[in-house]
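Structure file protein27.txt (compact mmCIF, C-alpha atoms and all ligand atoms) is printed below.
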# COMPACT_ATOMS: atom_id res chain seq x y z
CA MET A 30 -30.22 60.96 -123.08
CA GLN A 31 -31.40 58.25 -120.69
CA THR A 32 -35.00 57.23 -121.08
CA GLY A 33 -35.41 55.80 -117.59
CA VAL A 34 -34.27 56.04 -114.02
CA GLN A 35 -30.89 54.44 -113.39
CA ALA A 36 -30.04 52.95 -110.03
CA LEU A 37 -27.17 54.38 -108.00
CA ALA A 38 -24.71 51.49 -108.03
CA GLY A 39 -21.07 50.42 -108.43
CA PRO A 40 -18.16 52.83 -107.87
CA GLN A 41 -20.51 55.84 -107.98
CA LEU A 42 -22.50 54.43 -105.07
CA GLN A 43 -19.33 53.57 -103.12
CA MET A 44 -17.94 57.08 -103.54
CA LEU A 45 -21.23 58.75 -102.61
CA PHE A 46 -21.68 56.51 -99.60
CA GLY A 47 -18.07 57.06 -98.43
CA ARG A 48 -18.69 60.80 -98.35
CA PHE A 49 -22.05 60.33 -96.67
CA GLN A 50 -20.53 58.16 -93.93
CA SER A 51 -17.72 60.65 -93.16
CA LEU A 52 -20.20 63.54 -92.96
CA LEU A 53 -22.56 61.49 -90.79
CA ALA A 54 -19.89 60.97 -88.11
CA LYS A 55 -18.77 64.60 -88.31
CA ASN A 56 -22.36 65.82 -87.92
CA LEU A 57 -23.05 63.62 -84.90
CA GLN A 58 -19.88 64.81 -83.21
CA ALA A 59 -20.86 68.46 -83.74
CA ILE A 60 -24.47 67.99 -82.65
CA ALA A 61 -23.76 65.76 -79.64
CA ALA A 62 -20.93 67.93 -78.25
CA GLY A 63 -21.83 68.85 -74.67
CA LYS A 64 -25.41 67.58 -74.92
CA THR A 65 -26.93 64.47 -73.39
CA GLN A 66 -30.65 64.67 -74.21
CA PHE A 67 -32.13 64.75 -77.70
CA ASP A 68 -35.34 64.52 -79.65
CA LEU A 69 -34.66 61.28 -81.56
CA LEU A 70 -36.30 62.27 -84.87
CA ASP A 71 -34.62 65.68 -84.80
CA LEU A 72 -31.23 64.10 -84.03
CA ILE A 73 -31.51 61.55 -86.84
CA GLU A 74 -32.74 64.17 -89.29
CA LYS A 75 -30.00 66.71 -88.50
CA VAL A 76 -27.29 64.05 -88.79
CA MET A 77 -28.66 62.29 -91.91
CA PHE A 78 -30.15 65.18 -93.88
CA ALA A 79 -27.00 67.31 -93.78
CA ALA A 80 -24.85 64.28 -94.72
CA SER A 81 -27.10 63.29 -97.61
CA VAL A 82 -27.53 66.82 -99.01
CA ASP A 83 -23.81 67.63 -98.80
CA SER A 84 -22.69 64.28 -100.24
CA LEU A 85 -25.14 64.55 -103.16
CA PHE A 86 -24.97 68.28 -103.93
CA GLY A 87 -21.51 69.18 -102.60
CA GLU A 88 -20.25 70.31 -99.21
CA GLY A 89 -21.75 73.54 -97.93
CA THR A 90 -25.15 72.94 -99.57
CA TYR A 91 -26.79 72.14 -96.23
CA SER A 92 -27.98 74.95 -93.99
CA PRO A 93 -30.79 75.10 -91.38
CA GLN A 94 -32.77 77.16 -93.95
CA VAL A 95 -32.47 74.34 -96.51
CA LEU A 96 -33.86 71.91 -93.93
CA ALA A 97 -36.71 74.30 -93.02
CA ASP A 98 -37.54 74.74 -96.72
CA PHE A 99 -37.38 70.99 -97.26
CA HIS A 100 -39.99 70.53 -94.51
CA ALA A 101 -42.29 73.22 -95.94
CA PHE A 102 -41.93 71.80 -99.48
CA SER A 103 -42.38 68.18 -98.42
CA ASN A 104 -45.40 68.95 -96.19
CA SER A 105 -47.12 70.86 -98.96
CA MET A 106 -46.90 68.10 -101.52
CA SER A 107 -50.18 66.38 -102.14
CA THR A 108 -48.96 64.09 -104.92
CA ARG A 109 -45.81 62.07 -105.58
CA SER A 110 -45.03 64.25 -108.60
CA ALA A 111 -42.74 66.40 -106.41
CA GLY A 112 -44.41 69.69 -107.20
CA SER A 113 -44.50 69.35 -110.98
CA ASP A 114 -47.65 71.41 -110.61
CA PRO A 115 -46.76 74.12 -108.03
CA SER A 116 -50.41 75.03 -107.57
CA LEU A 117 -50.82 71.72 -105.75
CA GLY A 118 -48.81 73.03 -102.84
CA ASN A 119 -49.67 75.83 -100.43
CA ALA A 120 -48.03 79.28 -100.68
CA LYS A 121 -45.37 78.53 -98.06
CA GLY A 122 -44.55 75.27 -99.80
CA VAL A 123 -44.31 76.97 -103.20
CA GLU A 124 -41.94 79.64 -101.84
CA ALA A 125 -39.81 76.96 -100.18
CA ARG A 126 -39.77 75.01 -103.45
CA GLU A 127 -38.52 78.08 -105.35
CA ARG A 128 -35.69 78.62 -102.84
CA LEU A 129 -34.74 74.93 -102.98
CA LEU A 130 -34.68 75.03 -106.79
CA LYS A 131 -32.08 77.81 -106.52
CA VAL A 132 -30.06 75.74 -104.05
CA VAL A 133 -29.98 72.67 -106.31
CA ALA A 134 -29.29 74.81 -109.40
CA ASN A 135 -26.09 76.06 -107.73
CA LYS A 136 -24.00 73.05 -108.77
CA ARG A 137 -20.79 72.57 -106.84
CA PRO A 138 -17.71 70.90 -108.34
CA ASP A 139 -17.78 68.19 -105.66
CA ALA A 140 -21.45 67.28 -106.31
CA ALA A 141 -22.08 63.56 -106.89
CA GLU A 142 -21.90 62.39 -110.51
CA ALA A 143 -25.58 61.38 -110.31
CA ILE A 144 -26.48 65.01 -109.65
CA LYS A 145 -24.07 66.46 -112.21
CA SER A 146 -25.57 64.33 -114.94
CA LEU A 147 -29.15 64.11 -113.88
CA SER A 148 -30.24 62.42 -117.04
CA THR A 149 -28.72 59.28 -115.51
CA LEU A 150 -30.88 59.57 -112.41
CA VAL A 151 -34.19 60.85 -113.60
CA ASN A 152 -36.20 60.54 -116.76
CA ASP A 153 -36.55 64.22 -117.55
CA SER A 154 -39.49 63.82 -119.88
CA LYS A 155 -41.31 62.74 -116.73
CA TYR A 156 -40.16 65.62 -114.55
CA ALA A 157 -39.81 68.32 -117.22
CA PRO A 158 -40.18 71.19 -117.98
CA GLU A 159 -37.90 72.58 -115.27
CA ALA A 160 -34.51 70.90 -115.45
CA HIS A 161 -33.69 71.49 -111.79
CA LEU A 162 -36.91 69.95 -110.63
CA ALA A 163 -35.22 66.61 -111.24
CA ALA A 164 -32.46 67.54 -108.79
CA LEU A 165 -35.02 68.68 -106.25
CA MET A 166 -36.84 65.39 -106.73
CA ALA A 167 -33.56 63.59 -105.98
CA MET A 168 -33.11 65.66 -102.80
CA TRP A 169 -36.67 64.84 -101.76
CA GLY A 170 -36.41 61.14 -102.66
CA ALA A 171 -33.08 60.83 -100.86
CA ASN A 172 -34.38 62.18 -97.56
CA VAL A 173 -38.11 61.85 -97.15
CA ASN A 174 -38.03 58.10 -96.45
CA THR A 175 -34.56 57.47 -95.05
CA VAL A 176 -34.97 59.66 -91.95
CA PRO A 177 -38.28 58.03 -90.79
CA SER A 178 -36.90 54.56 -91.69
CA ALA A 179 -33.88 55.17 -89.42
CA PHE A 180 -36.22 56.49 -86.70
CA TRP A 181 -38.39 53.33 -86.76
CA THR A 182 -35.36 51.02 -86.74
CA ILE A 183 -33.78 52.80 -83.77
CA ILE A 184 -36.96 53.24 -81.72
CA GLN A 185 -37.78 49.55 -82.21
CA LEU A 186 -34.24 48.61 -81.13
CA LEU A 187 -34.51 50.79 -78.01
CA HIS A 188 -37.66 48.87 -77.07
CA GLN A 189 -35.94 45.49 -77.43
CA PRO A 190 -34.26 43.69 -74.50
CA ALA A 191 -30.64 44.85 -74.02
CA GLN A 192 -29.38 41.49 -75.38
CA VAL A 193 -30.52 42.42 -78.88
CA ARG A 194 -28.40 45.59 -78.85
CA ASP A 195 -25.54 43.61 -77.29
CA GLN A 196 -25.77 41.07 -80.16
CA LEU A 197 -25.68 43.94 -82.65
CA LYS A 198 -22.57 45.32 -80.93
CA GLN A 199 -20.89 41.91 -81.00
CA GLU A 200 -21.64 41.65 -84.71
CA HIS A 201 -20.22 45.17 -85.19
CA VAL A 202 -16.97 44.25 -83.40
CA ALA A 203 -16.66 40.95 -85.30
CA ALA A 204 -17.02 42.94 -88.54
CA GLY A 205 -14.03 45.13 -87.63
CA GLY A 206 -15.86 47.91 -85.80
CA HIS A 207 -14.83 49.77 -82.68
CA PRO A 208 -16.36 52.83 -80.97
CA THR A 209 -14.25 55.03 -83.20
CA THR A 210 -13.84 52.90 -86.32
CA ARG A 211 -16.33 51.74 -88.92
CA ALA A 212 -17.31 48.15 -89.52
CA ASP A 213 -18.15 46.19 -92.65
CA LEU A 214 -21.86 46.84 -93.35
CA SER A 215 -22.43 44.04 -95.87
CA GLU A 216 -25.32 41.64 -95.34
CA GLU A 217 -22.86 38.73 -95.10
CA ALA A 218 -20.86 40.40 -92.30
CA ARG A 219 -23.89 41.95 -90.56
CA PRO A 220 -26.91 39.61 -90.86
CA LEU A 221 -28.58 41.02 -87.72
CA LEU A 222 -28.11 44.66 -88.77
CA HIS A 223 -29.53 43.80 -92.21
CA SER A 224 -32.43 42.01 -90.53
CA VAL A 225 -33.40 44.83 -88.12
CA VAL A 226 -33.38 47.42 -90.93
CA SER A 227 -35.46 45.10 -93.17
CA GLU A 228 -37.85 44.34 -90.31
CA ALA A 229 -38.42 48.06 -89.59
CA LEU A 230 -39.13 48.63 -93.30
CA ARG A 231 -41.49 45.64 -93.40
CA LEU A 232 -43.42 46.85 -90.37
CA HIS A 233 -43.48 50.61 -90.95
CA SER A 234 -43.21 51.35 -94.67
CA ARG A 235 -46.29 52.06 -96.83
CA PRO A 236 -44.89 51.96 -100.36
CA ASN A 237 -47.03 52.47 -103.44
CA SER A 238 -46.23 51.45 -106.99
CA TYR A 239 -48.37 52.60 -109.91
CA ARG A 240 -48.09 50.71 -113.17
CA VAL A 241 -49.92 50.58 -116.51
CA ALA A 242 -50.72 47.11 -117.87
CA ARG A 243 -48.93 46.51 -121.20
CA SER A 244 -51.32 43.73 -122.17
CA ASP A 245 -54.42 41.97 -120.89
CA CYS A 246 -53.52 39.76 -117.96
CA THR A 247 -54.87 38.14 -114.81
CA VAL A 248 -53.44 38.67 -111.34
CA GLY A 249 -55.01 36.27 -108.85
CA GLU A 250 -58.76 36.74 -109.25
CA TYR A 251 -58.45 40.10 -111.06
CA ALA A 252 -58.65 40.46 -114.84
CA ILE A 253 -56.66 43.51 -115.93
CA GLU A 254 -57.00 45.07 -119.37
CA GLU A 255 -54.18 46.57 -121.42
CA GLY A 256 -53.76 50.26 -120.54
CA GLN A 257 -55.42 50.00 -117.11
CA TRP A 258 -53.67 51.56 -114.12
CA VAL A 259 -52.71 49.17 -111.36
CA TRP A 260 -51.98 50.27 -107.79
CA ILE A 261 -49.72 47.95 -105.82
CA TYR A 262 -49.82 48.32 -102.03
CA PRO A 263 -47.64 45.57 -100.54
CA ARG A 264 -48.10 46.67 -96.91
CA ALA A 265 -51.45 44.95 -96.70
CA SER A 266 -50.99 42.22 -99.30
CA LEU A 267 -47.48 41.07 -98.36
CA HIS A 268 -45.66 42.88 -95.53
CA HIS A 269 -48.50 42.41 -93.01
CA ASP A 270 -49.84 39.14 -94.35
CA PRO A 271 -49.59 36.52 -91.55
CA ALA A 272 -49.22 33.79 -94.17
CA ALA A 273 -46.00 35.47 -95.35
CA PHE A 274 -44.78 36.86 -92.03
CA PRO A 275 -46.19 35.14 -88.92
CA ASP A 276 -47.16 37.62 -86.15
CA PRO A 277 -46.85 40.40 -88.73
CA LEU A 278 -47.42 43.29 -86.32
CA GLN A 279 -44.61 42.19 -84.04
CA PHE A 280 -41.07 43.54 -84.55
CA GLN A 281 -38.84 40.45 -84.64
CA PRO A 282 -35.19 41.62 -84.84
CA SER A 283 -33.84 38.39 -86.34
CA ARG A 284 -36.82 37.64 -88.62
CA PHE A 285 -34.63 37.98 -91.71
CA VAL A 286 -31.55 36.18 -90.38
CA ALA A 287 -31.16 32.87 -92.23
CA LYS A 288 -31.20 30.19 -89.54
CA GLU A 289 -29.01 27.14 -89.77
CA GLY A 290 -30.95 23.90 -90.06
CA HIS A 291 -34.11 25.71 -91.20
CA PRO A 292 -35.32 25.70 -94.77
CA PRO A 293 -34.84 29.11 -96.44
CA MET A 294 -37.79 31.39 -95.74
CA GLU A 295 -40.29 31.74 -98.52
CA PHE A 296 -40.31 35.50 -97.95
CA ASP A 297 -36.88 36.89 -97.16
CA SER A 298 -35.67 40.50 -97.20
CA ALA A 299 -35.22 40.32 -100.98
CA SER A 300 -38.99 39.93 -101.35
CA LEU A 301 -39.76 43.07 -99.36
CA ARG A 302 -41.26 45.80 -101.51
CA ALA A 303 -40.41 48.81 -99.34
CA PHE A 304 -38.52 50.18 -102.38
CA GLY A 305 -41.13 49.15 -104.94
CA GLY A 306 -40.03 46.66 -107.56
CA GLY A 307 -40.54 45.28 -111.04
CA THR A 308 -39.91 47.70 -113.89
CA GLY A 309 -39.45 50.86 -111.82
CA PRO A 310 -38.02 50.24 -108.38
CA CYS A 311 -36.47 53.00 -106.26
CA PRO A 312 -33.13 53.96 -107.86
CA GLY A 313 -31.76 54.97 -104.46
CA LYS A 314 -32.32 51.58 -102.78
CA GLY A 315 -28.61 50.67 -102.56
CA PHE A 316 -27.69 54.07 -101.12
CA ALA A 317 -30.69 54.11 -98.76
CA LEU A 318 -29.89 50.69 -97.26
CA LEU A 319 -26.25 51.65 -96.70
CA ALA A 320 -27.27 55.03 -95.24
CA LEU A 321 -29.74 53.36 -92.87
CA LYS A 322 -27.23 50.75 -91.71
CA ALA A 323 -24.51 53.37 -91.22
CA THR A 324 -26.84 55.58 -89.16
CA VAL A 325 -28.03 52.71 -86.95
CA ASP A 326 -24.43 51.53 -86.55
CA LEU A 327 -23.23 55.01 -85.64
CA LEU A 328 -25.95 55.72 -83.08
CA ILE A 329 -26.21 52.27 -81.54
CA ASN A 330 -22.76 50.68 -81.94
CA GLN A 331 -20.06 53.08 -82.93
CA SER A 332 -20.48 55.88 -80.48
CA THR A 333 -18.60 56.33 -77.23
CA ALA A 334 -21.99 57.04 -75.66
CA GLN A 335 -24.93 54.72 -75.01
CA LEU A 336 -28.24 55.69 -76.60
CA GLY A 337 -31.31 55.06 -74.41
CA LEU A 338 -34.92 56.19 -73.98
CA ALA A 339 -35.26 59.20 -71.65
CA ASP A 340 -38.49 57.60 -70.40
CA PRO A 341 -38.18 53.79 -70.59
CA ASN A 342 -42.01 53.56 -70.53
CA ALA A 343 -42.52 55.89 -73.50
CA PRO A 344 -44.50 53.84 -76.05
CA ILE A 345 -43.62 53.57 -79.73
CA PRO A 346 -45.55 56.42 -81.40
CA GLU A 347 -48.11 56.00 -84.17
CA ALA A 348 -47.21 56.98 -87.72
CA VAL A 349 -48.58 59.99 -89.60
CA THR A 350 -51.31 58.74 -91.95
CA GLU A 351 -51.58 61.60 -94.45
CA THR A 352 -48.24 61.68 -96.22
CA VAL A 353 -46.82 60.97 -99.65
CA ALA A 354 -43.71 59.41 -98.10
CA SER A 355 -43.22 55.66 -98.52
CA THR A 356 -42.08 55.44 -94.91
CA PRO A 357 -44.24 57.84 -92.86
CA PRO A 358 -42.76 59.81 -89.97
CA PRO A 359 -44.10 59.33 -86.42
CA VAL A 360 -46.91 61.62 -85.18
CA HIS A 361 -44.53 62.72 -82.43
CA SER A 362 -40.94 62.05 -81.57
CA VAL A 363 -39.35 60.52 -78.48
CA ASP A 364 -36.66 61.92 -76.15
CA VAL A 365 -33.46 59.93 -75.91
CA THR A 366 -30.29 60.24 -73.84
CA PHE A 367 -26.65 59.64 -74.62
CA THR A 368 -24.74 58.23 -71.63
CA LYS A 369 -20.93 58.20 -71.88
CA THR A 370 -19.34 54.76 -72.05
CA CYS A 371 -15.71 53.78 -71.77
CA SER A 372 -13.97 55.40 -74.76
CA SER A 373 -11.88 52.36 -75.63
CA CYS A 374 -14.39 49.56 -75.25
CA HIS A 375 -18.05 48.69 -75.71
CA ARG A 376 -18.87 48.23 -72.01
CA ARG A 377 -21.72 50.14 -70.43
CA PRO A 378 -20.90 52.21 -67.35
CA ALA A 379 -21.27 50.20 -64.11
C1 LIG B 1 -35.63 54.12 -96.92
C2 LIG B 1 -35.48 54.91 -97.97
C3 LIG B 1 -36.29 54.86 -99.24
C4 LIG B 1 -37.50 54.24 -99.49
C5 LIG B 1 -38.36 53.41 -98.51
C6 LIG B 1 -37.85 54.53 -100.87
C7 LIG B 1 -38.99 54.06 -101.52
C8 LIG B 1 -39.32 54.33 -102.84
C9 LIG B 1 -40.47 53.76 -103.53
C10 LIG B 1 -41.48 52.78 -102.93
C11 LIG B 1 -40.48 54.28 -104.78
C12 LIG B 1 -41.50 53.96 -105.89
C13 LIG B 1 -41.01 52.74 -106.65
C14 LIG B 1 -42.08 52.09 -107.53
O1 LIG B 1 -42.77 52.83 -108.24
O2 LIG B 1 -42.22 50.85 -107.50
C15 LIG B 1 -39.35 55.19 -104.90
C16 LIG B 1 -39.04 55.95 -106.01
C17 LIG B 1 -37.96 56.81 -106.10
N1 LIG B 1 -36.93 56.94 -105.18
FE1 LIG B 1 -36.82 56.06 -103.36
N2 LIG B 1 -36.87 55.32 -101.44
C18 LIG B 1 -35.89 55.54 -100.48
C19 LIG B 1 -34.71 56.24 -100.64
C20 LIG B 1 -34.33 56.91 -101.80
C21 LIG B 1 -33.05 57.56 -102.01
C22 LIG B 1 -31.91 57.56 -100.99
C23 LIG B 1 -33.08 58.14 -103.25
C24 LIG B 1 -32.03 58.93 -104.00
C25 LIG B 1 -30.75 58.99 -103.67
C26 LIG B 1 -34.39 57.83 -103.83
C27 LIG B 1 -34.83 58.26 -105.07
C28 LIG B 1 -36.03 57.86 -105.66
C29 LIG B 1 -36.48 58.34 -106.98
C30 LIG B 1 -35.77 59.37 -107.88
C31 LIG B 1 -37.71 57.68 -107.24
C32 LIG B 1 -38.61 57.84 -108.46
C33 LIG B 1 -38.29 56.80 -109.49
C34 LIG B 1 -39.29 56.82 -110.66
O3 LIG B 1 -40.39 57.38 -110.53
O4 LIG B 1 -38.98 56.22 -111.69
N3 LIG B 1 -35.10 57.08 -102.92
N4 LIG B 1 -38.64 55.18 -103.70
I'd like the structure from this file rewritten - as structure tokens, please.
Amino acid sequence: MQTGVQALAGPQLQMLFGRFQSLLAKNLQAIAAGKTQFDLLDLIEKVMFAASVDSLFGEGTYSPQVLADFHAFSNSMSTRSAGSDPSLGNAKGVEARERLLKVVANKRPDAAEAIKSLSTLVNDSKYAPEAHLAALMAMWGANVNTVPSAFWTIIQLLHQPAQVRDQLKQEHVAAGGHPTTRADLSEEARPLLHSVVSEALRLHSRPNSYRVARSDCTVGEYAIEEGQWVWIYPRASLHHDPAAFPDPLQFQPSRFVAKEGHPPMEFDSASLRAFGGGTGPCPGKGFALLALKATVDLLINQSTAQLGLADPNAPIPEAVTETVASTPPPVHSVDVTFTKTCSSCHRRPA
């Protein structure tokens, strides 16, 4: 039995992500058929949640009831322990949790390997006694942060001058993409896409890491004794520190693009702590980054329709403050429109 959380990586990650990406496109096609106006958060959630749940737990796992239960469960959680103590949640949340436990217990033959052998994903001594709680934790972890992270990336992009989205499209085409075909999503092939996703995480995520000191040590001016709990909150101490990121409250799309002729940045996207770090980082980081890039690419670059704000003056909403998510959702969503473009090229309609 594994004693720790193992990261989703290698062929397992590639297979899981391949399924996710196919389902993502299929979901968008079904949802967008015949419609032109959407609630952005709702659109992203319907497309991403169904793709993530069906790629992890097997096709047919997703249903609108599963999504409704996920909301009730997630909203009722007052700690990051994912309901290990059901009394922490409200009655509606506890009922939703029970239904979701039945859903994740119903293992399908096409479920991802990480779900079939959960001991590789989650340290069960930590999430025991209920074996399926670990699977529910994976469902929660896989969705609670990715959907808001995609929302913040896309809303920030829609508020940028059109040239930024045009540059992203050019990068998409240069990486082999077309309105109906996928492009290479690697950081090397897509430095701007990697940068906008990293920048949205830097600006909007509020990750926490809790650690216990193994020995007496000093961090900066703080003396920490062996056995003491340490709370790491990099939003204030790193992500929004002007010494690390000048104009930290401004969304700069190419902040993380390495610029020729400039010395490498002291703080690049590898030093972001949106996924935690050190001894226990998020095991879903690789999947989450690919899922975010694929969603942004699909909605901004790969569609035969142009995504825009329904009201160009609609401001970027505030984030919810009381949440256990690492990337909080917005307090309200924003309406967006899809305007048909030429089906065989990237041009906007005249
Ligand atoms: C944008 C998306 C995501 C963000 C921002 C995020 C962030 C985080 C953070 C900050 C932690 C705590 C790490 C620490 O203690 O230092 C964490 C833990 C965790 N994440 Fe993620 N995560 C994301 C996506 C995912 C995905 C896609 C999965 C699964 C497929 C996942 C599964 C988990 C699990 C199981 C843990 C608990 C690990 C443990 O306690 O040892 N996360 N995540």
Using only C-alpha atoms and all ligand atoms, find each residue of chain A with at least one atom at most 6 Å away from an atom of ligand LIG 1 (chain B); report its shortest atom-to-atom pair and that distance in Å (one decimal), sort the rows by chain and rising residue number, and return the result as CSV.
residue,atom,partner,partner_atom,distance
A:Val34,CA,B:LIG1,O4,5.3
A:Ala167,CA,B:LIG1,C30,5.1
A:Gly170,CA,B:LIG1,C26,4.1
A:Ala171,CA,B:LIG1,C21,3.5
A:Asn174,CA,B:LIG1,C2,4.4
A:Thr175,CA,B:LIG1,C1,4.0
A:Ser178,CA,B:LIG1,C1,5.4
A:Pro236,CA,B:LIG1,C10,4.3
A:Asn237,CA,B:LIG1,C10,5.6
A:Ser238,CA,B:LIG1,O1,3.9
A:Tyr239,CA,B:LIG1,O1,5.8
A:Ala303,CA,B:LIG1,C5,5.1
A:Phe304,CA,B:LIG1,C10,4.0
A:Gly305,CA,B:LIG1,O2,3.3
A:Gly306,CA,B:LIG1,O2,4.7
A:Gly309,CA,B:LIG1,O2,5.1
A:Pro310,CA,B:LIG1,C13,4.3
A:Cys311,CA,B:LIG1,C15,3.9
A:Pro312,CA,B:LIG1,C28,5.3
A:Gly313,CA,B:LIG1,C23,3.6
A:Lys314,CA,B:LIG1,C19,5.7
A:Phe316,CA,B:LIG1,C22,5.5
A:Ala317,CA,B:LIG1,C22,4.3
A:Ser355,CA,B:LIG1,C5,5.4
A:Thr356,CA,B:LIG1,C5,5.6
Please save C-alpha atoms of the selected residues as a JSON list (two decimals), keeping the file's coordinate frame.
[["chain", "number", "residue", "atom", "x", "y", "z"],
["A", 34, "VAL", "CA", -34.27, 56.04, -114.02],
["A", 167, "ALA", "CA", -33.56, 63.59, -105.98],
["A", 170, "GLY", "CA", -36.41, 61.14, -102.66],
["A", 171, "ALA", "CA", -33.08, 60.83, -100.86],
["A", 174, "ASN", "CA", -38.03, 58.10, -96.45],
["A", 175, "THR", "CA", -34.56, 57.47, -95.05],
["A", 178, "SER", "CA", -36.90, 54.56, -91.69],
["A", 236, "PRO", "CA", -44.89, 51.96, -100.36],
["A", 237, "ASN", "CA", -47.03, 52.47, -103.44],
["A", 238, "SER", "CA", -46.23, 51.45, -106.99],
["A", 239, "TYR", "CA", -48.37, 52.60, -109.91],
["A", 303, "ALA", "CA", -40.41, 48.81, -99.34],
["A", 304, "PHE", "CA", -38.52, 50.18, -102.38],
["A", 305, "GLY", "CA", -41.13, 49.15, -104.94],
["A", 306, "GLY", "CA", -40.03, 46.66, -107.56],
["A", 309, "GLY", "CA", -39.45, 50.86, -111.82],
["A", 310, "PRO", "CA", -38.02, 50.24, -108.38],
["A", 311, "CYS", "CA", -36.47, 53.00, -106.26],
["A", 312, "PRO", "CA", -33.13, 53.96, -107.86],
["A", 313, "GLY", "CA", -31.76, 54.97, -104.46],
["A", 314, "LYS", "CA", -32.32, 51.58, -102.78],
["A", 316, "PHE", "CA", -27.69, 54.07, -101.12],
["A", 317, "ALA", "CA", -30.69, 54.11, -98.76],
["A", 355, "SER", "CA", -43.22, 55.66, -98.52],
["A", 356, "THR", "CA", -42.08, 55.44, -94.91]]
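Residue nearest His223 of chain A within the list A:Gly205, A:Pro275, A:Pro282, A:Gly47: A:Pro282 [criterion: smallest interatomic distance, all atoms listed in the file].
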So that I can check the surroundings of Arg137 of chain A, please list as a tab-separated table (two decimals) with C-alpha atoms, in the coordinates of the input every protein, DNA and RNA residue that reaches within 12 Å of it, counting only C-alpha atoms and ignoring chain neighbours fewer than 6 positions away.
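And here is the file that came out, part-v4.tsv:
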chain	number	residue	atom	x	y	z
A	82	VAL	CA	-27.53	66.82	-99.01
A	83	ASP	CA	-23.81	67.63	-98.80
A	84	SER	CA	-22.69	64.28	-100.24
A	85	LEU	CA	-25.14	64.55	-103.16
A	86	PHE	CA	-24.97	68.28	-103.93
A	87	GLY	CA	-21.51	69.18	-102.60
A	88	GLU	CA	-20.25	70.31	-99.21
A	89	GLY	CA	-21.75	73.54	-97.93
A	90	THR	CA	-25.15	72.94	-99.57
A	144	ILE	CA	-26.48	65.01	-109.65
A	145	LYS	CA	-24.07	66.46	-112.21
Residues within 8 Å of Ser103 of chain A, please, as a CSV table (one decimal) with C-alpha atoms, keeping the file's coordinate frame. Count only C-alpha atoms; anything in the same chain fewer than 5 positions from it doesn't count.
chain,number,residue,atom,x,y,z
A,122,GLY,CA,-44.6,75.3,-99.8
A,169,TRP,CA,-36.7,64.8,-101.8
A,173,VAL,CA,-38.1,61.8,-97.2
| From the set A:Ser51, A:Val225, A:His100, A:Gln257, which residue has the shortest atom-to-atom contact distance to Leu321 of chain A, counting all atoms listed in the file? |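 Under the stated criterion, the closest residue is A:Val225.
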